Amino acid sequence: MCGHCGSQQDLPAALEYLELLSEASSSCPTCSTPLSNSRLEGHPLLCCPRCFGMLIEMNRFAAVIEAVRAHEGGSRTALPRRQNPGERFLDCPACRQPMVGHLYAGPGNVVIDTCEPCLVNWLDPGELRRIAVAPDWPRSV
């Protein structure tokens, strides 16, 4: 159960292929734990070692999603959204300014938090996997 929103948590995505490397200077915007410099299939990101939320640079976002999709075989699942934009407010771990919560335009039916000045997206625990296993993602030909 999520301590922040009270919802049932999905298993954190990509734990088998997520490397937690070293403690970063910024903290998790949801649980205040120091974030960890991490890699997912070679793609750098920041990850909370406690709640597994992830801070991903916008220019790496699509590649990280594709890396998770490559490992997430099987059926595609659409899950109901857990929150709506504006229900909570997070500060960016990088600049400490408010992030903007918005519906992710791609699959997964999730609200992500974005810091435009820092060019980063925050994904709550399980949201990366929700995006990766959503049924309406475009397949490469």
# chains A, B, ... in the order shown; residues from 1 in each chain; ligands from 1
>>> residues_around(residues="Ala94 in chain A", least_positions_apart="4", cutoff="12 Å", atoms="only C-alpha atoms", output="ChimeraX atom specification")
/A:24-29,34-35,46,55-57,90,98-99,114-122
>>> select_by_dssp(residues="range 2-127 of chain A", states="strand (DSSP E)", output="PyMOL selection string")
chain A and resi 18-27+34-40+43-47+54-57+100-103+111-115+120-123
>>> residues_around(residues="Ser38 in chain A", least_positions_apart="5", cutoff="7 Å", atoms="only C-alpha atoms", output="list in words")
Leu18, Glu19, Leu20, Leu21, Pro44, Leu45, Leu46 and Cys47 of chain A
>>> write_last_selection(atoms="all heavy atoms", output="short mmCIF file (atom, residue, chain, number, x, y, z; two decimals), in the first residue's frame")
data_model
loop_
_atom_site.label_atom_id
_atom_site.label_comp_id
_atom_site.auth_asym_id
_atom_site.auth_seq_id
_atom_site.Cartn_x
_atom_site.Cartn_y
_atom_site.Cartn_z
N LEU A 18 17.60 -2.72 -13.00
CA LEU A 18 17.90 -1.38 -12.51
C LEU A 18 19.11 -1.46 -11.59
O LEU A 18 19.11 -2.25 -10.65
CB LEU A 18 16.70 -0.81 -11.75
CG LEU A 18 16.90 0.56 -11.12
CD1 LEU A 18 16.99 1.64 -12.19
CD2 LEU A 18 15.77 0.87 -10.15
N GLU A 19 20.13 -0.69 -11.90
CA GLU A 19 21.33 -0.64 -11.05
C GLU A 19 21.29 0.63 -10.22
O GLU A 19 21.22 1.72 -10.77
CB GLU A 19 22.59 -0.56 -11.90
CG GLU A 19 23.01 -1.80 -12.59
CD GLU A 19 24.29 -1.52 -13.37
OE1 GLU A 19 25.38 -1.59 -12.76
OE2 GLU A 19 24.18 -1.21 -14.57
N LEU A 20 21.32 0.49 -8.90
CA LEU A 20 21.47 1.63 -8.01
C LEU A 20 22.98 1.79 -7.77
O LEU A 20 23.63 0.87 -7.31
CB LEU A 20 20.74 1.39 -6.69
CG LEU A 20 19.23 1.17 -6.79
CD1 LEU A 20 18.64 0.89 -5.41
CD2 LEU A 20 18.54 2.34 -7.44
N LEU A 21 23.52 2.95 -8.11
CA LEU A 21 24.97 3.13 -8.11
C LEU A 21 25.49 3.89 -6.90
O LEU A 21 26.26 3.35 -6.12
CB LEU A 21 25.40 3.84 -9.40
CG LEU A 21 25.00 3.12 -10.69
CD1 LEU A 21 25.26 3.99 -11.90
CD2 LEU A 21 25.73 1.80 -10.80
N PRO A 44 21.02 6.43 -17.82
CA PRO A 44 21.12 7.04 -16.49
C PRO A 44 19.80 7.69 -16.07
O PRO A 44 19.07 8.24 -16.89
CB PRO A 44 22.22 8.09 -16.66
CG PRO A 44 22.26 8.39 -18.11
CD PRO A 44 21.78 7.17 -18.82
N LEU A 45 19.51 7.59 -14.78
CA LEU A 45 18.35 8.22 -14.17
C LEU A 45 18.60 8.29 -12.67
O LEU A 45 19.57 7.73 -12.17
CB LEU A 45 17.06 7.46 -14.49
CG LEU A 45 17.00 5.96 -14.18
CD1 LEU A 45 16.51 5.68 -12.77
CD2 LEU A 45 16.07 5.28 -15.16
N LEU A 46 17.74 8.98 -11.97
CA LEU A 46 17.78 8.99 -10.51
C LEU A 46 16.61 8.17 -10.01
O LEU A 46 15.50 8.27 -10.54
CB LEU A 46 17.69 10.42 -9.96
CG LEU A 46 18.87 11.33 -10.27
CD1 LEU A 46 18.62 12.73 -9.70
CD2 LEU A 46 20.16 10.77 -9.71
N CYS A 47 16.84 7.34 -9.00
CA CYS A 47 15.81 6.46 -8.47
C CYS A 47 15.83 6.53 -6.95
O CYS A 47 16.90 6.61 -6.34
CB CYS A 47 16.07 5.03 -8.93
SG CYS A 47 14.82 3.85 -8.37
#
>>> closest_residue(among="A:Val100, A:Met54, A:Ala132, A:Cys48", to="Ser36 in chain A", atoms="only C-alpha atoms")
A:Cys48
>>> residues_around(residues="Glu41 in chain A", least_positions_apart="2", cutoff="7 Å", atoms="only C-alpha atoms", output="PyMOL selection string")
chain A and resi 17+39+43+67
>>> atom_distance(atom1="CA of Arg82 in chain A", atom2="CA of Glu23 in chain A")
29.2 Å
>>> closest_residue(among="A:Arg50, A:Pro135, A:Thr30, A:Glu66", to="Asp113 in chain A", atoms="only C-alpha atoms")
A:Thr30
>>> atom_distance(atom1="CA of Cys31 in chain A", atom2="CA of Ala62 in chain A")
25.5 Å
>>> select_by_dssp(residues="range 64-119 of chain A", states="alpha helix (DSSP H)", output="mmCIF file with N, CA and C atoms, in the first residue's frame")
data_model
loop_
_atom_site.group_PDB
_atom_site.id
_atom_site.type_symbol
_atom_site.label_atom_id
_atom_site.label_comp_id
_atom_site.auth_asym_id
_atom_site.auth_seq_id
_atom_site.Cartn_x
_atom_site.Cartn_y
_atom_site.Cartn_z
ATOM 1 N N VAL A 64 14.119 4.943 -22.113
ATOM 2 C CA VAL A 64 13.920 4.182 -20.873
ATOM 3 C C VAL A 64 12.635 3.361 -20.974
ATOM 4 N N ILE A 65 11.573 3.957 -21.495
ATOM 5 C CA ILE A 65 10.315 3.223 -21.670
ATOM 6 C C ILE A 65 10.528 2.036 -22.605
ATOM 7 N N GLU A 66 11.223 2.244 -23.705
ATOM 8 C CA GLU A 66 11.495 1.147 -24.647
ATOM 9 C C GLU A 66 12.313 0.034 -23.987
ATOM 10 N N ALA A 67 13.266 0.391 -23.139
ATOM 11 C CA ALA A 67 14.071 -0.620 -22.446
ATOM 12 C C ALA A 67 13.199 -1.476 -21.535
ATOM 13 N N VAL A 68 12.236 -0.865 -20.864
ATOM 14 C CA VAL A 68 11.332 -1.636 -20.005
ATOM 15 C C VAL A 68 10.411 -2.497 -20.862
ATOM 16 N N ARG A 69 9.904 -1.962 -21.955
ATOM 17 C CA ARG A 69 9.034 -2.741 -22.849
ATOM 18 C C ARG A 69 9.735 -3.986 -23.373
ATOM 19 N N ALA A 70 11.018 -3.867 -23.642
ATOM 20 C CA ALA A 70 11.778 -5.002 -24.155
ATOM 21 C C ALA A 70 11.807 -6.153 -23.147
ATOM 22 N N HIS A 71 11.688 -5.838 -21.868
ATOM 23 C CA HIS A 71 11.714 -6.867 -20.827
ATOM 24 C C HIS A 71 10.327 -7.296 -20.368
#
>>> decode(residues="range 18-38 of chain A", atoms="N, CA and C atoms", output="PDB file, in the first residue's frame")
ATOM      1  N   LEU A  18      17.605  -2.719 -12.998  1.00  0.00           N
ATOM      2  CA  LEU A  18      17.900  -1.380 -12.510  1.00  0.00           C
ATOM      3  C   LEU A  18      19.106  -1.463 -11.587  1.00  0.00           C
ATOM      4  N   GLU A  19      20.131  -0.692 -11.895  1.00  0.00           N
ATOM      5  CA  GLU A  19      21.325  -0.641 -11.052  1.00  0.00           C
ATOM      6  C   GLU A  19      21.292   0.627 -10.219  1.00  0.00           C
ATOM      7  N   LEU A  20      21.325   0.487  -8.897  1.00  0.00           N
ATOM      8  CA  LEU A  20      21.474   1.629  -8.009  1.00  0.00           C
ATOM      9  C   LEU A  20      22.976   1.790  -7.774  1.00  0.00           C
ATOM     10  N   LEU A  21      23.516   2.954  -8.112  1.00  0.00           N
ATOM     11  CA  LEU A  21      24.969   3.131  -8.113  1.00  0.00           C
ATOM     12  C   LEU A  21      25.492   3.886  -6.895  1.00  0.00           C
ATOM     13  N   SER A  22      25.123   5.137  -6.750  1.00  0.00           N
ATOM     14  CA  SER A  22      25.648   5.946  -5.652  1.00  0.00           C
ATOM     15  C   SER A  22      24.615   6.977  -5.241  1.00  0.00           C
ATOM     16  N   GLU A  23      24.714   7.449  -4.020  1.00  0.00           N
ATOM     17  CA  GLU A  23      23.764   8.436  -3.525  1.00  0.00           C
ATOM     18  C   GLU A  23      23.947   9.759  -4.253  1.00  0.00           C
ATOM     19  N   ALA A  24      22.830  10.354  -4.648  1.00  0.00           N
ATOM     20  CA  ALA A  24      22.838  11.650  -5.326  1.00  0.00           C
ATOM     21  C   ALA A  24      22.625  12.760  -4.290  1.00  0.00           C
ATOM     22  N   SER A  25      22.791  13.988  -4.724  1.00  0.00           N
ATOM     23  CA  SER A  25      22.643  15.118  -3.805  1.00  0.00           C
ATOM     24  C   SER A  25      21.190  15.557  -3.630  1.00  0.00           C
ATOM     25  N   SER A  26      20.282  15.041  -4.441  1.00  0.00           N
ATOM     26  CA  SER A  26      18.874  15.436  -4.340  1.00  0.00           C
ATOM     27  C   SER A  26      18.065  14.341  -3.643  1.00  0.00           C
ATOM     28  N   SER A  27      16.882  14.735  -3.158  1.00  0.00           N
ATOM     29  CA  SER A  27      16.030  13.810  -2.408  1.00  0.00           C
ATOM     30  C   SER A  27      14.739  13.528  -3.140  1.00  0.00           C
ATOM     31  N   CYS A  28      14.131  12.408  -2.819  1.00  0.00           N
ATOM     32  CA  CYS A  28      12.864  11.987  -3.387  1.00  0.00           C
ATOM     33  C   CYS A  28      11.776  13.002  -3.024  1.00  0.00           C
ATOM     34  N   PRO A  29      11.001  13.458  -4.009  1.00  0.00           N
ATOM     35  CA  PRO A  29       9.951  14.436  -3.713  1.00  0.00           C
ATOM     36  C   PRO A  29       8.743  13.850  -2.973  1.00  0.00           C
ATOM     37  N   THR A  30       8.645  12.525  -2.882  1.00  0.00           N
ATOM     38  CA  THR A  30       7.508  11.931  -2.174  1.00  0.00           C
ATOM     39  C   THR A  30       7.868  11.396  -0.796  1.00  0.00           C
ATOM     40  N   CYS A  31       9.082  10.867  -0.605  1.00  0.00           N
ATOM     41  CA  CYS A  31       9.413  10.287   0.709  1.00  0.00           C
ATOM     42  C   CYS A  31      10.671  10.890   1.341  1.00  0.00           C
ATOM     43  N   SER A  32      11.312  11.843   0.665  1.00  0.00           N
ATOM     44  CA  SER A  32      12.481  12.584   1.168  1.00  0.00           C
ATOM     45  C   SER A  32      13.750  11.754   1.340  1.00  0.00           C
ATOM     46  N   THR A  33      13.776  10.539   0.842  1.00  0.00           N
ATOM     47  CA  THR A  33      14.974   9.704   0.881  1.00  0.00           C
ATOM     48  C   THR A  33      15.966  10.222  -0.167  1.00  0.00           C
ATOM     49  N   PRO A  34      17.275  10.235   0.133  1.00  0.00           N
ATOM     50  CA  PRO A  34      18.227  10.640  -0.909  1.00  0.00           C
ATOM     51  C   PRO A  34      18.089   9.732  -2.138  1.00  0.00           C
ATOM     52  N   LEU A  35      18.005  10.364  -3.313  1.00  0.00           N
ATOM     53  CA  LEU A  35      17.921   9.612  -4.558  1.00  0.00           C
ATOM     54  C   LEU A  35      19.252   8.941  -4.852  1.00  0.00           C
ATOM     55  N   SER A  36      19.213   7.932  -5.692  1.00  0.00           N
ATOM     56  CA  SER A  36      20.404   7.192  -6.081  1.00  0.00           C
ATOM     57  C   SER A  36      20.669   7.411  -7.565  1.00  0.00           C
ATOM     58  N   ASN A  37      21.916   7.740  -7.912  1.00  0.00           N
ATOM     59  CA  ASN A  37      22.323   7.710  -9.316  1.00  0.00           C
ATOM     60  C   ASN A  37      22.155   6.259  -9.754  1.00  0.00           C
ATOM     61  N   SER A  38      21.454   6.049 -10.836  1.00  0.00           N
ATOM     62  CA  SER A  38      21.083   4.699 -11.251  1.00  0.00           C
ATOM     63  C   SER A  38      21.200   4.552 -12.757  1.00  0.00           C
TER      64      SER A  38
END
